[in-house]
Structures are given as structure tokens and as C-alpha cells.
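These notes concern the structure reproduced below.
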Amino acid sequence: MGNASGALRIKNVRVGSDSGLVQVTIEQGKIMQVGRAQESFVADIDAEGGLMVPALVDAHVHLDAALTEGFPSPNHSGTLIEGIERWGQRKPYLTEEDVIARAEEAIRWHVGHGVLKIRSHVDICDPDLTALRALIKVREKVRPWVTLQLVAFPQDGIFCFPDGPLLIEEAMRLGADAVGGIPHYEWTREDGIRDVEYAFQLAARYHKPVDIHCDETDDDQSRFVETMAKLTSQYGMAGQVTASHTTAMGSYNDAYAFKLIRILAQAGMLVVANPLDNVVLQGRFDTYPKRRGMTRVKELMAAGVPVAAGHDSIMDPWYPLGSGSQLFVASMLAHVGQLTGTEELKACFDSITYAGAKAMQLRDYGIEEGMRADLAIFDVPTTTDALRLLPRPRWVVAGGSIVASTPPSATKVLWDGEYRSVSYLRAPQGPPNLQ
Ligand SMILES: [Zn+2]
């Protein structure tokens, strides 16, 4: 099925939760036609009523740290601070081969889950920039299938790390796709503001977007996102600036949060929430009640600020779990953000598709005629079923070619001598299917 020329024909497929069955023709790697089912259509894939979505997006992950959990020593407390300490112990062991092998493995895990668009932060607090050099090679190698963007990320700070300003600039010169920052980690508030300002200066100099780890703390006095909004506006960078994490927003007083969300919308900024890491790492200084460690996703979405969701960690010193499943990330977003209203669940799915694509500034993204055929086809009929059952896609298509496939998910179990449904798949309209 499928071939190198990127031609593929798919039948009995839905292209949205409310869509009827359509047929899709892909030629030369592009979607040529999405149309009503015709008897005479000869298909390579029979999707049997499943759902086709654009390739999933992971707008925030750390591929350089992925799969390092446990070596040289595990994170016993599970805290952010011990995680940073353990990563500091792991860094001297980094070699290009080590980073390339782990990153490629983590990318394969993503692809198996239908994720073909990935933005990875890369720690540049290393005089040799080993991880960045390695990931630039990986970016070129996977380019035919996966869009990989690399953010120059100063894990140990720009101004509180020796030669920090030189290293992040060198990372941009080597070819990083976006400028990062970590203002809340600098030693003083003044240095935090300089951290954000420096990122914007570099972005202007190298004509690149900005994506800053900003206010990833429960400290309600950590307020660097407002500086990002001011500079986004001053530099005319609407649509090109992402604030990642912004968990302190969950601790701000309501009056300040209200003002902040308004100016983020006005400046045209984007936000990436990382619910897996943050729900376990934040609130660690609280006794009870414990804060959820999440930015104000519901209110940001209501104000029209695009919110994407990132996987952040895959088996690294900060989070020992993770699998590359962006459906799991969106499901966690729904739970932690209390986003279970009908439209809100759709917005959660959006956070790993269209909102993620906005954060990555992808232009050729979606299921429309003429677009590049980067797709995932699930054997469930709706996005809500996908969030509920967390299936792997049956087929993952990159540039019109099948790059990964998984056997149908088991939705029936042998019980009392009879195969019975255990998934309760719903038809988009009409009565539930209880066979
Ligand atoms: Zn991160």
C-alpha cells in the first residue's frame, strides 16, 4: 500500500467528527480530492468508518533529555529540583551518538502515535553544544517525514550560566529554529527581564520566532509573560511568540490574570501547556489543598489565545513516564484543565492539532485539497472517542506514503464465551452501537 510517489486512495473515512463517509485521493504527496463516496472508487485503504485527522503536533518536547531517566542516578523525590540536578549529572555523558540514538527512538514513538510535527527545546547550556549539533543532524535525517523544529533553550539560565549569552547566540548561528529563554530561573527579577529582552533581540537579528519557558513556577510573583507581551507588540511579532508552561498564571490573583490574558490576546501571543509534567512537578511546596500546576487554559482559550499542548518529557529526569502519545496529553489537559464540555473537548483535540500547528507556524497543515498529505487515520469515529480510548492510529501517512501502521485496536473481549464490546463506540449521530 502506498508508494514512494506519494499516491494513496482512502475510502470509508471521516474527515471530522461531524463528517459523513468520504473518499480521499492523494497524489504526489498532496491531498488532491476529498469527495463523496463512489462505488467505483478503488482504494488502497478502507478506513471502515474511522477518522482522518491532520498529523498530530507536539509543540513542546525535550528530545535531548528523552529516555535518560535513571542514569547515572534516578530521581528519587520526583521533584523538578532533583530533576535539574540529575540532568546536570547526565550532561557530561552526552555524546552526539547518544543524543541521536535517543532522539530518533523518541521520534519513532511519536510517529507511531501519528505525531509528525515536533518542536523540541534543546539545552544549550553546554560549552560544546553537543545536543544541538546532534539534533540538527536528526532534523535533516527525518525531514522527509517529520517536521522537527529546534528551540535554543538555556536550561541553566542565560545570565546565571557562564557564557550563557554567547552560547545561545552560537546556537542561533548554528541553525536553531527559535530562540528560547527561562526568565524565572535567573537569579534576580532584573536578570529575568534581561533574559526575555535578549531572546527578542536575537530573534530580530536572526529572523526567528520566540518560544520561552516562562513562569514555570507556583510563585505568584513570577510575572515575565507580561514582558513577553510588551515585546511581542513592540517588535511586531504577533503570531510568532509562544510562552511555554506559564504555570504561575494558576496562582496569580484574578484581577492580574484577567489583565494579563487580555494583553496576551491583544499582542497575538500563543501559549503551550504541558499538563503531564506540570501536574506532577508543580504544587510540590503545597501541603493541602494542592494547586494543579496549570496555566489558565480555559480562560486563555475563551479570550482567543491559541493554546497548544506539549508532551514535554518522555522518560527523562523530570518525568519517568510518557510514550509519545499526544492523545494522552490532550486527555490530561481535559482532566487537569476541567475541559470536559462538548466544545472544550474539541478544543483539547485542537491543542494537539491546529493550535499546535499555529504555535509551530506551520503553513501547509490541514485536510484540504492541495495540502501536503501528512495524516493520521484512527479506527474511532470522533475526536472525543480518540481522547477517551487513546488508540494508536491504524495508519500514519507522511507526504502521501504510509510510514507507520498498527493493527486494529482490540475493542472486544472474550467474556463468558462470547466476544463483547468494551469500548462503546458511538456513531456521530444516532443511537449508540451496542453490539
Ligand atoms: Zn519544557
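Going through the C-alpha cells in order, the chains are called A, B, and so on, while each chain numbers its residues from 1 and the ligands are numbered from 1 in the order shown.
Once segment 251-263 of chain A and its same-chain neighbours fewer than 4 positions away are set aside, Asp218, Asp219, Asp220, Gln221, Glu226, Ala229, Thr247, Ala267, Glu299, Leu300 and Ala303 of chain A remain within 8 Å of it when counting only C-alpha atoms.
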Report as a Markdown table the residues of chain A within 7 Å of ligand 1, each with its shortest atom pair and distance in Å (one decimal), using only C-alpha atoms and all ligand atoms, ordered by chain and increasing residue number.
| residue | atom | partner | partner_atom_place_in_ligand_line | distance |
| --- | --- | --- | --- | --- |
| A:His60 | CA | ligand 1 | 1 (Zn) | 6.4 |
| A:Val61 | CA | ligand 1 | 1 (Zn) | 6.2 |
| A:His62 | CA | ligand 1 | 1 (Zn) | 6.4 |
| A:His121 | CA | ligand 1 | 1 (Zn) | 6.9 |
| A:His213 | CA | ligand 1 | 1 (Zn) | 6.4 |
| A:Asp312 | CA | ligand 1 | 1 (Zn) | 5.1 |
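Within the 8 Å cut-off around segment 91-103 of chain A, using only C-alpha atoms and omitting residues fewer than 5 positions from it on the same chain, the listed residues are Leu63, Asp64, Ala66, Leu67, Thr130, Ala131, Arg133, Ala134, Leu135, Lys137 and Val138 of chain A.
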Discussion item. So that I can see what lies close to Met52 of chain A, please list as a ChimeraX atom specification the residues with an atom at most 7 Å from it, counting only C-alpha atoms and leaving out residues fewer than 6 positions away in the same chain.
Written reply: /A:13-15,375-378
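Minimum atom-to-atom distances from A:Val142, A:Leu231, A:Met269, A:Ile84 to Asp156 of chain A were compared using only C-alpha atoms, and the lowest value belongs to A:Ile84.
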Discussion item. With only C-alpha atoms as the counted atoms, please give the residues lying no more than 6 Å from segment 382-396 of chain A, apart from itself and same-chain residues fewer than 3 positions off, as an MDAnalysis selection string.
Written reply: chainID A and resid 17 113:114 327 331 375:378 402:406
Could those residues be written to a file, using C-alpha atoms, as a compact mmCIF listing (two decimals), in the first residue's frame?
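Full text of again_5.txt as output:
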# COMPACT_ATOMS: atom_id res chain seq x y z
CA SER A 17 -16.32 14.29 13.98
CA HIS A 113 1.17 7.77 17.61
CA GLY A 114 0.55 9.86 14.48
CA LEU A 327 -3.82 11.90 22.65
CA SER A 331 -6.72 13.83 27.62
CA LEU A 375 -2.27 12.44 8.20
CA ALA A 376 -3.31 10.03 10.92
CA ILE A 377 -6.24 7.65 10.47
CA PHE A 378 -7.81 6.25 13.64
CA ILE A 402 2.35 5.16 4.84
CA VAL A 403 5.15 5.50 7.39
CA ALA A 404 3.62 3.56 10.29
CA SER A 405 0.66 1.29 10.90
CA THR A 406 -0.78 -0.52 13.89
Item to complete: Give me the residues within 8 Å of Arg296 of chain A as a list in words, counting only C-alpha atoms and dropping any in the same chain fewer than 6 places off.
Response: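 Those residues are Thr247, Met249, Gly250 and Gly337 of chain A.
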Worksheet item: What lies within 8 Å of Val329 of chain A using only C-alpha atoms, ignoring chain neighbours under 3 positions off, as a VMD selection string?
Response: chain A and resid 274 to 276 309 to 311 325 to 326 332 to 333
Worksheet item: Where does DSSP see strand (DSSP E) in segment 183-338 of chain A, if you list the residues as number ranges by chain?
Response: A: 210-214, 241-245, 270-273, 307-309
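Residue nearest Gly29 of chain A, chosen from A:Met371, A:Ala248, A:Ala152, A:Ala334 and counting only C-alpha atoms: A:Met371.
Distance check against Glu344 of chain A using only C-alpha atoms: of A:Met172, A:Met360, A:Val297, A:Ile136, the minimum falls on A:Val297.
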Item to complete: Using only C-alpha atoms, pick whichever of A:His207, A:Arg292, A:His184, A:Lys346 has the shortest atom-to-atom distance to Arg223 of chain A.
Response: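 Ranked by minimum distance to Arg223 of chain A, first place goes to A:His184.
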Discussion item. As an exercise, work out the distance from atom CA of Lys11 of chain A to atom CA of Pro144 of chain A in Å and give it to one decimal place.
Written reply: 25.1 Å
Fill in: Atomic distance atom CA of Pro183 of chain A - atom CA of Ala243 of chain A, expressed in Å with one decimal
11.2 Å
